[in-house]
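Q: So here's entry_27.txt, just compact mmCIF, C-alpha atoms:
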# COMPACT_ATOMS: atom_id res chain seq x y z
CA MET A 1400 0.00 0.00 0.00
CA THR A 1401 1.49 3.31 -1.00
CA THR A 1402 0.62 6.28 1.14
CA LYS A 1403 0.81 9.77 -0.20
CA SER A 1404 1.80 12.67 1.94
CA VAL A 1405 -1.02 14.80 3.26
CA ASP A 1406 0.41 17.77 1.50
CA ALA A 1407 0.09 15.96 -1.83
CA LEU A 1408 -3.45 14.85 -1.03
CA LEU A 1409 -4.50 18.36 -0.07
CA LYS A 1410 -3.07 19.61 -3.32
CA GLU A 1411 -4.86 16.92 -5.27
CA LYS A 1412 -8.26 17.50 -3.73
CA LYS A 1413 -10.08 20.23 -5.61
CA ILE A 1414 -12.45 22.74 -4.13
CA PHE A 1415 -15.38 21.68 -6.33
CA GLN A 1416 -15.21 18.25 -4.72
CA VAL A 1417 -15.89 19.57 -1.25
CA VAL A 1418 -17.90 22.74 -1.73
CA ASN A 1419 -21.37 23.31 -0.36
CA PRO A 1420 -23.87 24.22 -3.12
CA LYS A 1421 -25.49 27.00 -1.12
CA LEU A 1422 -24.75 30.49 -2.40
CA VAL A 1423 -26.26 33.75 -1.21
CA GLN A 1424 -25.85 36.75 -3.46
CA ALA A 1425 -27.12 40.28 -3.83
CA ARG A 1426 -26.66 43.21 -6.20
CA PRO A 1427 -24.52 46.23 -5.28
CA GLU A 1428 -27.36 48.74 -5.55
CA MET A 1429 -29.58 46.91 -3.08
CA PRO A 1430 -30.18 48.74 0.21
CA VAL A 1431 -28.06 47.35 3.01
CA GLN A 1432 -31.20 46.68 5.00
CA SER A 1433 -32.59 44.21 2.49
CA VAL A 1434 -29.25 42.45 2.10
CA ILE A 1435 -29.15 41.90 5.86
CA GLN A 1436 -32.69 40.60 5.65
CA ILE A 1437 -31.71 38.12 2.94
CA MET A 1438 -28.77 36.93 5.02
CA GLN A 1439 -31.00 36.45 8.04
CA GLU A 1440 -33.60 34.54 6.04
CA LYS A 1441 -31.03 32.27 4.46
CA GLN A 1442 -29.13 31.88 7.73
CA SER A 1443 -25.96 32.92 6.05
CA GLY A 1444 -23.12 34.99 7.42
CA TYR A 1445 -22.19 36.48 4.06
CA ALA A 1446 -23.66 37.73 0.80
CA VAL A 1447 -21.59 37.82 -2.35
CA ILE A 1448 -22.24 41.12 -4.10
CA ALA A 1449 -22.31 40.48 -7.81
CA GLU A 1450 -23.30 42.41 -10.89
CA SER A 1451 -24.28 40.36 -13.94
CA ASN A 1452 -22.41 37.39 -12.47
CA ARG A 1453 -19.19 39.31 -11.80
CA VAL A 1454 -18.06 39.48 -8.20
CA VAL A 1455 -17.73 43.10 -7.13
CA GLY A 1456 -17.57 42.60 -3.40
CA ILE A 1457 -18.53 40.56 -0.38
CA PHE A 1458 -20.67 41.70 2.52
CA THR A 1459 -20.32 39.66 5.70
CA GLU A 1460 -21.40 39.61 9.30
CA ARG A 1461 -18.12 41.32 10.07
CA ASP A 1462 -19.03 44.28 7.87
CA VAL A 1463 -22.39 44.45 9.60
CA VAL A 1464 -20.77 44.66 13.02
CA MET A 1465 -17.92 46.93 12.02
CA LYS A 1466 -19.61 49.36 9.66
CA VAL A 1467 -23.37 49.29 10.06
CA LEU A 1468 -24.34 48.86 13.69
CA ASN A 1469 -23.88 51.66 16.23
CA LYS A 1470 -22.81 53.94 13.41
CA ASP A 1471 -25.86 55.99 12.68
CA VAL A 1472 -25.95 54.90 9.05
CA ASP A 1473 -28.86 55.12 6.65
CA LEU A 1474 -30.07 51.56 6.22
CA ASN A 1475 -31.42 52.45 2.81
CA SER A 1476 -28.05 53.29 1.35
CA PRO A 1477 -26.71 50.76 -1.12
CA VAL A 1478 -24.78 47.78 0.17
CA SER A 1479 -21.85 48.72 -2.05
CA GLU A 1480 -20.94 51.41 0.47
CA PHE A 1481 -20.40 48.84 3.19
CA MET A 1482 -19.15 45.78 1.36
CA THR A 1483 -15.53 44.71 1.12
CA PRO A 1484 -14.78 45.50 -2.53
CA ASP A 1485 -12.86 43.19 -4.86
CA PRO A 1486 -12.42 40.26 -2.47
CA PHE A 1487 -9.93 37.45 -2.99
CA VAL A 1488 -11.43 34.74 -5.17
CA LEU A 1489 -10.56 31.14 -5.92
CA THR A 1490 -11.63 28.87 -8.75
CA PRO A 1491 -13.35 25.53 -8.21
CA GLN A 1492 -10.28 23.89 -9.74
CA ASP A 1493 -7.97 25.29 -7.07
CA SER A 1494 -6.84 22.80 -4.47
CA VAL A 1495 -8.13 22.51 -0.94
CA GLY A 1496 -4.55 23.06 0.21
CA ALA A 1497 -4.45 26.43 -1.54
CA ALA A 1498 -7.71 27.42 0.13
CA MET A 1499 -6.36 26.43 3.54
CA ASP A 1500 -3.27 28.51 2.87
CA LEU A 1501 -5.33 31.54 1.92
CA MET A 1502 -7.75 31.30 4.84
CA GLY A 1503 -4.93 30.65 7.30
CA ASP A 1504 -3.03 33.70 6.11
CA LYS A 1505 -5.84 36.18 5.87
CA ARG A 1506 -8.88 36.75 7.99
CA PHE A 1507 -11.34 35.43 5.45
CA TYR A 1508 -14.10 33.11 6.43
CA HIS A 1509 -15.71 33.11 2.99
CA VAL A 1510 -14.05 33.13 -0.41
CA PRO A 1511 -16.15 33.48 -3.58
CA LEU A 1512 -15.44 30.98 -6.34
CA VAL A 1513 -15.28 32.13 -9.95
CA ASN A 1514 -14.84 30.11 -13.13
CA ASP A 1515 -12.38 30.75 -15.93
CA ASN A 1516 -14.59 33.45 -17.39
CA GLY A 1517 -14.71 35.32 -14.12
CA GLU A 1518 -18.31 34.35 -13.42
CA LEU A 1519 -19.47 33.71 -9.87
CA VAL A 1520 -20.13 29.99 -9.38
CA GLY A 1521 -20.02 29.38 -5.66
CA ILE A 1522 -18.58 30.17 -2.27
CA LEU A 1523 -16.14 28.33 -0.06
CA SER A 1524 -16.66 28.78 3.65
CA VAL A 1525 -14.05 28.09 6.26
CA ARG A 1526 -16.40 25.67 7.94
CA THR A 1527 -16.51 23.55 4.82
CA LEU A 1528 -12.74 23.32 5.09
CA ILE A 1529 -12.66 22.31 8.72
CA ARG A 1530 -15.33 19.67 8.06
CA PHE A 1531 -13.25 18.38 5.20
CA LEU A 1532 -10.24 18.19 7.47
CA ALA A 1533 -12.26 16.37 10.12
CA ALA A 1534 -13.53 13.87 7.57
CA PHE A 1535 -9.98 13.47 6.32
CA TYR A 1536 -8.86 12.29 9.74
CA PRO A 1537 -11.99 10.62 11.10
CA THR A 1538 -10.36 8.39 13.71
CA GLU A 1539 -8.18 11.14 15.02
CA VAL A 1540 -10.81 13.80 15.24
CA TYR A 1541 -13.94 11.87 16.10
CA ASN A 1542 -12.44 8.99 18.00
CA LEU A 1543 -9.76 10.39 20.22
CA PRO A 1544 -9.47 9.07 23.80
CA PRO A 1545 -10.69 11.68 26.30
CA VAL A 1546 -7.25 11.89 27.89
CA PRO A 1547 -4.46 12.05 25.33
CA GLY A 1548 -1.90 9.33 25.78
CA GLN A 1549 -4.26 7.46 28.04
CA ILE A 1550 -3.37 3.81 28.69
CA MET A 1551 -6.05 1.64 30.22
CA GLU A 1552 -4.57 -0.13 33.23
CA THR A 1553 -7.32 -2.68 33.64
CA PRO A 1554 -9.72 -4.19 31.13
CA GLU A 1555 -12.99 -2.33 30.75
CA GLY A 1556 -15.27 -3.01 33.70
CA GLY A 1557 -12.43 -4.67 35.59
CA MET B 467 -1.71 -11.55 5.68
CA GLN B 468 -1.88 -10.42 9.25
CA THR B 469 -4.50 -12.02 11.43
CA GLY B 470 -5.41 -11.13 14.95
CA LEU B 471 -3.51 -8.73 17.08
CA LYS B 472 0.22 -8.50 16.63
CA CYS B 473 2.10 -8.15 19.89
CA PRO B 474 4.19 -4.97 19.81
CA SER B 475 7.09 -6.57 21.71
CA CYS B 476 7.39 -10.16 20.44
CA GLY B 477 5.28 -10.15 17.30
CA HIS B 478 3.08 -13.09 18.32
CA ALA B 479 -0.31 -13.08 16.60
CA ASN B 480 -2.87 -13.01 19.39
CA LEU B 481 -6.63 -13.41 19.22
CA LEU B 482 -8.40 -10.13 18.69
CA GLY B 483 -9.53 -8.66 21.96
CA ASN B 484 -6.79 -10.18 24.11
CA ASP B 485 -5.56 -7.90 26.85
CA ARG B 486 -2.15 -9.53 27.17
CA CYS B 487 0.10 -11.30 24.71
CA GLU B 488 -0.24 -15.06 25.08
CA GLN B 489 3.44 -15.58 24.48
CA CYS B 490 5.26 -12.83 26.34
CA PHE B 491 2.47 -11.31 28.51
CA ALA B 492 3.13 -7.79 27.26
CA SER B 493 0.09 -5.55 27.61
CA LEU B 494 -1.97 -5.13 24.44
CA MET B 495 -4.20 -2.46 25.92
CA THR B 496 -2.69 0.37 23.93
CA SER B 497 -2.79 -1.26 20.53
CA ASP B 498 -6.27 0.05 19.68
CA LEU B 499 -5.61 3.68 20.47
CA PRO B 500 -5.35 5.83 17.39
CA ARG B 501 -1.78 6.83 16.75
CA PRO B 502 -0.33 9.36 14.38
CA LYS B 503 1.40 7.94 11.33
CA LYS B 504 5.06 8.64 10.93
CA GLY B 505 5.72 11.41 8.46
CA ASP B 506 2.18 12.77 8.50
CA LYS B 507 2.97 16.10 10.10
CA ILE B 508 -0.56 17.45 10.09
CA GLN B 509 -1.85 14.31 11.75
CA ASN B 510 0.93 14.40 14.29
CA ALA B 511 0.23 18.02 15.10
CA MET B 512 -3.48 17.34 15.51
CA MET B 513 -3.04 14.44 17.88
CA THR B 514 -0.04 15.44 19.93
CA ASP B 515 0.11 19.22 20.07
CA PRO B 516 -1.98 20.84 22.78
CA VAL B 517 -4.48 23.60 22.13
CA SER B 518 -2.15 25.92 24.05
CA ALA B 519 0.19 25.86 21.04
CA LEU B 520 -2.45 27.83 19.13
CA LEU B 521 -2.86 30.57 21.67
CA THR B 522 -1.47 33.94 20.95
CA GLY B 523 -2.37 35.49 24.28
CA ALA B 524 -3.89 38.91 23.98
CA ASP B 525 -7.04 38.08 22.12
CA LEU B 526 -9.71 37.41 24.67
CA LEU B 527 -12.61 39.70 25.39
CA VAL B 528 -14.80 38.91 28.35
CA ALA B 529 -18.16 40.51 29.07
CA SER B 530 -20.89 39.93 31.60
CA THR B 531 -24.49 38.92 30.92
CA THR B 532 -25.82 42.29 31.99
CA ASP B 533 -23.76 44.35 29.56
CA SER B 534 -25.72 45.88 26.73
CA VAL B 535 -25.41 44.66 23.19
CA GLY B 536 -24.48 48.22 22.20
CA ASP B 537 -21.41 48.04 24.45
CA ILE B 538 -20.44 44.67 23.01
CA ILE B 539 -20.63 46.01 19.48
CA ARG B 540 -18.58 49.05 20.42
CA VAL B 541 -15.85 46.91 22.01
CA MET B 542 -15.78 44.58 19.02
CA GLN B 543 -15.40 47.57 16.72
CA GLU B 544 -12.62 49.10 18.79
CA LYS B 545 -10.67 45.90 19.28
CA GLN B 546 -11.40 44.57 15.79
CA LYS B 547 -12.68 41.29 17.21
CA ARG B 548 -15.33 38.92 15.96
CA CYS B 549 -16.17 37.16 19.15
CA MET B 550 -16.51 37.60 22.94
CA VAL B 551 -17.06 35.18 25.78
CA ILE B 552 -19.70 35.94 28.39
CA TYR B 553 -19.16 35.21 32.05
CA LYS B 554 -21.50 35.23 34.99
CA ASP B 555 -20.37 34.49 38.53
CA LYS B 556 -17.00 33.42 37.18
CA LYS B 557 -18.64 30.77 35.01
CA LEU B 558 -18.66 30.64 31.24
CA VAL B 559 -22.30 31.03 30.23
CA GLY B 560 -22.21 32.16 26.64
CA ILE B 561 -20.42 33.39 23.59
CA VAL B 562 -21.33 36.22 21.24
CA SER B 563 -19.97 36.33 17.73
CA ASP B 564 -20.62 38.68 14.86
CA ARG B 565 -22.91 35.98 13.51
CA ASP B 566 -25.17 36.22 16.56
CA ILE B 567 -25.26 39.97 16.16
CA LEU B 568 -26.14 39.73 12.47
CA PHE B 569 -28.98 37.29 13.10
CA LYS B 570 -30.40 38.69 16.31
CA VAL B 571 -29.62 42.40 16.41
CA ALA B 572 -29.30 43.85 12.91
CA ASN B 573 -32.52 45.15 11.38
CA ARG B 574 -34.46 44.85 14.61
CA ASP B 575 -36.48 47.78 15.84
CA LYS B 576 -34.99 47.50 19.30
CA ASP B 577 -32.09 49.73 20.22
CA PRO B 578 -28.98 47.57 20.80
CA LYS B 579 -28.08 49.75 23.76
CA LYS B 580 -31.22 48.56 25.49
CA MET B 581 -30.72 44.88 24.69
CA LYS B 582 -28.97 42.67 27.19
CA VAL B 583 -26.20 40.36 26.05
CA GLU B 584 -28.13 37.45 27.52
CA SER B 585 -30.77 37.75 24.82
CA VAL B 586 -28.38 37.42 21.89
CA MET B 587 -25.56 35.19 23.13
CA THR B 588 -25.25 31.54 22.27
CA PRO B 589 -25.67 29.95 25.70
CA ASN B 590 -23.52 27.14 27.12
CA PRO B 591 -20.91 27.07 24.39
CA GLU B 592 -18.63 24.14 23.80
CA PHE B 593 -15.12 24.75 25.08
CA VAL B 594 -11.76 23.05 25.32
CA THR B 595 -8.98 23.21 27.86
CA ALA B 596 -5.44 24.30 27.08
CA ASP B 597 -4.05 20.76 27.42
CA ASP B 598 -6.48 19.11 25.02
CA PRO B 599 -5.05 17.99 21.70
CA ILE B 600 -5.83 20.14 18.69
CA ALA B 601 -7.99 17.33 17.32
CA PHE B 602 -10.50 18.14 20.08
CA VAL B 603 -10.96 21.66 18.92
CA ILE B 604 -11.34 20.53 15.30
CA ASN B 605 -13.95 18.06 16.48
CA LYS B 606 -15.99 20.81 18.15
CA MET B 607 -15.68 23.06 15.13
CA ALA B 608 -16.64 20.39 12.62
CA MET B 609 -19.50 18.91 14.63
CA GLY B 610 -21.05 22.11 15.87
CA GLY B 611 -20.14 24.44 13.03
CA PHE B 612 -18.42 26.82 15.43
CA ARG B 613 -15.77 29.13 14.12
CA HIS B 614 -14.64 30.16 17.58
CA VAL B 615 -14.15 27.91 20.58
CA PRO B 616 -13.20 29.32 24.00
CA VAL B 617 -10.18 27.84 25.74
CA LEU B 618 -10.36 27.54 29.51
CA ALA B 619 -7.77 26.78 32.15
CA ALA B 620 -8.40 23.75 34.34
CA ASP B 621 -10.19 25.90 36.94
CA GLY B 622 -12.53 27.47 34.41
CA THR B 623 -10.85 30.83 33.99
CA PRO B 624 -10.90 32.03 30.41
CA LEU B 625 -7.58 31.86 28.61
CA SER B 626 -8.35 32.58 25.01
CA ILE B 627 -10.45 31.89 21.97
CA VAL B 628 -9.32 29.62 19.17
CA SER B 629 -10.66 30.37 15.72
CA ILE B 630 -10.73 28.14 12.67
CA LYS B 631 -8.22 30.49 11.13
CA ASP B 632 -5.76 29.81 13.99
CA VAL B 633 -6.16 26.08 13.45
CA LEU B 634 -5.70 26.22 9.69
CA ALA B 635 -2.70 28.51 9.94
CA TYR B 636 -1.07 26.32 12.56
CA LEU B 637 -1.62 23.05 10.71
CA LYS B 638 -0.46 24.60 7.50
CA ASN B 639 2.82 25.70 9.09
CA ARG B 640 3.32 22.40 10.83
CA GLY B 641 2.69 20.56 7.58
CA LYS B 642 5.41 22.48 5.81
CA ASN B 643 8.43 22.27 8.09
Have the structure of the file written as C-alpha cells, please.

A:
Amino acid sequence: MTTKSVDALLKEKKIFQVVNPKLVQARPEMPVQSVIQIMQEKQSGYAVIAESNRVVGIFTERDVVMKVLNKDVDLNSPVSEFMTPDPFVLTPQDSVGAAMDLMGDKRFYHVPLVNDNGELVGILSVRTLIRFLAAFYPTEVYNLPPVPGQIMETPEGG
Amino acid sequence: MQTGLKCPSCGHANLLGNDRCEQCFASLMTSDLPRPKKGDKIQNAMMTDPVSALLTGADLLVASTTDSVGDIIRVMQEKQKRCMVIYKDKKLVGIVSDRDILFKVANRDKDPKKMKVESVMTPNPEFVTADDPIAFVINKMAMGGFRHVPVLAADGTPLSIVSIKDVLAYLKNRGKN
C-alpha cells in the first residue's frame, strides 16, 4: 500500500469536490437593510455582491458589526458602500490546500469561487474546510481518547 | 496476511480482543488507540500538540451577561474582534460572535443599547482546555459548526479563543516544516 503525503493529497483534492452548493448573493445597488434581511432569512453569514455574475464585493457579518451597527448609518443606502470590494477569489479547480493557505493567512471566512470566465459559481466557507479536514482524519478527530496518551490499566469493567 | 492482534514486543499473533500477549504477557491495551502515522505532520500536530500551542495570548474579550449589546458592538469595533465570551459568577455562560449579532440584532427595531447580552448570546458554548489535543478543537468546530471555541484553564478561567483560522494557519505551518 502506498501512502501519499497529506500535502500531496490536499493539493490533489479540488475545491469543487468539497464545496457546499449554497450560495447567497445580492446586487450592489440593493439597500443594506434588504441584504441583511436576505442573510437572516437564508441563515448565512455572508452575501456575495455580484453584478451580472461578476463578483464586485462581499458583505459579511463582520461588515455588519464593524460598519453598520452603532454607526448611525442610513439603512437604505446601497450595500456597495459597506461591502468589502474586490475580495480574494478562488476557482473551483484550485486545491483545498491552496484554500487552507489563503484562509490561514488572511482573515477570510468566505471566499467566492469564480470560473475561468470570471463568473461567480459558488462560495467556499471556512467551515466547509474544517469539516473536510475532520472527515480526512476521522479516527483522530472523532475517535480520540478523552485523555491524550491514556493507557487503560485494567480491562474495561475490571 | 496479518491475522489477529500482533504483539508490539514479540510479534506473536494473538486473538483479537486479548488484553495480554499469550506468548510474552506484554500488555496489548494500547494497541487500539489511534496513533499518528510517521511522516504525517498534520496528523501528528493534531493528535499530539496541545491547544495551548495555538494561543497567541492577547485576544480574549470577556463581558458579563448584563452588559448591553451596544457596548459589546462598540468593544468589538474598537478591538477589531469577531467574538466575545460571556461570564456570569466566574462561570462561562455564553459566547457572542458577529454571527449572533447579524442574526439577532441587525434590522431589529430594538435599540442595541437597550438589549442585554443574555438575549443574543449563544448559551452554554462548547469549550476546550489548554491541554487538550488540537484534534479536540477541530472536532468541536466540525461537529457544531463553530468558528470560535473558548479555551479555559483547568479551573474554568478564560484563557483565550481559538478560531478556525488559527487552526488552519497552525496546521499549515506544521505541515510544511

Q: Give me the residues of chain B that have any atom at most 6 Å from an atom of chain A; for each, the nearest atom pair and the distance in Å, rounded to one decimal. Use all atoms listed in the file, sort by chain and number, and format it as JSON lines.

A:
{"residue": "B:Thr496", "atom": "CA", "partner": "A:Ile1550", "partner_atom": "CA", "distance": 5.9}
{"residue": "B:Gln543", "atom": "CA", "partner": "A:Met1465", "partner_atom": "CA", "distance": 5.4}
{"residue": "B:Asp564", "atom": "CA", "partner": "A:Glu1460", "partner_atom": "CA", "distance": 5.7}
{"residue": "B:Arg565", "atom": "CA", "partner": "A:Glu1460", "partner_atom": "CA", "distance": 5.8}
{"residue": "B:Leu568", "atom": "CA", "partner": "A:Glu1460", "partner_atom": "CA", "distance": 5.7}
{"residue": "B:Phe569", "atom": "CA", "partner": "A:Gln1439", "partner_atom": "CA", "distance": 5.5}
{"residue": "B:Ala601", "atom": "CA", "partner": "A:Val1540", "partner_atom": "CA", "distance": 5.0}
{"residue": "B:Asn605", "atom": "CA", "partner": "A:Val1540", "partner_atom": "CA", "distance": 5.4}
{"residue": "B:Ala608", "atom": "CA", "partner": "A:Arg1530", "partner_atom": "CA", "distance": 4.8}
{"residue": "B:Lys631", "atom": "CA", "partner": "A:Gly1503", "partner_atom": "CA", "distance": 5.1}
{"residue": "B:Leu634", "atom": "CA", "partner": "A:Gly1503", "partner_atom": "CA", "distance": 5.1}
{"residue": "B:Ala635", "atom": "CA", "partner": "A:Gly1503", "partner_atom": "CA", "distance": 4.1}

Q: Tell me, as a list in words, which residues lie within 9 Å of Glu1428 in chain A, counting all atoms listed in the file; anything in the same chain fewer than 6 positions away does not count.

A: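 Result of the neighbour search: Ser1476, Pro1477, Val1478 and Ser1479 of chain A.
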
Q: Contacts of Val615 in chain B at 8 Å or less, counting all atoms listed in the file, minus same-chain residues fewer than 4 places along, as a VMD selection string?

A: chain B and resid 591 to 594 603 606 to 607 627 to 629

Q: Please provide as a list of chain:residue names all residues within 8 Å of Asp533 in chain B, with the sequence filter that same-chain residues fewer than 5 positions apart are discarded (counting all atoms listed in the file).

A: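 Near neighbours after the sequence-gap exclusion: B:Ile538, B:Lys582, B:Val583.
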
Q: Please list as a list in words every residue within 12 Å of Gln1416 in chain A, counting all atoms listed in the file and excluding residues in the same chain fewer than 3 positions away.

A: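 In the requested form, the answer reads Leu1409, Glu1411, Lys1412, Lys1413, Asn1419, Pro1420, Thr1490, Pro1491, Gln1492, Asp1493, Ser1494, Val1495, Leu1523, Thr1527, Leu1528 and Phe1531 of chain A.
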
Q: May I have the residues within 10 Å of Val1488 in chain A as a list in words, using all atoms listed in the file and disregarding those fewer than 3 positions away in the same chain?

A: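 Once the nearby chain positions are removed, what remains is Val1454, Asp1485, Pro1491, Ala1498, Leu1501, His1509, Val1510, Pro1511, Leu1512, Val1513, Asn1514, Gly1517, Leu1519, Ile1522 and Leu1523 of chain A.
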
Q: For the atom pair CA of Ser518 in chain B and CA of Thr531 in chain B, what is the interatomic distance in Å to one decimal place?

A: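 Rounded to one decimal, the two atoms are 26.7 Å apart.
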
Q: Work out how far apart CA of Phe602 in chain B and CA of Lys556 in chain B are and give it in Å to one decimal.

A: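 We find that CA of Phe602 in chain B and CA of Lys556 in chain B lie 23.8 Å from each other.
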
Q: Just the number, please: distance in Å from CA of Met1482 in chain A to CA of Val1447 in chain A, one decimal.

A: 9.1 Å

Q: Considering all atoms listed in the file, can you say which of A:Leu1489, A:Ala1449, A:Gly1456, A:Met1429 comes closest to Ser1524 in chain A?

A: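 Residue with the minimum atom-to-atom distance to Ser1524 in chain A: A:Leu1489.
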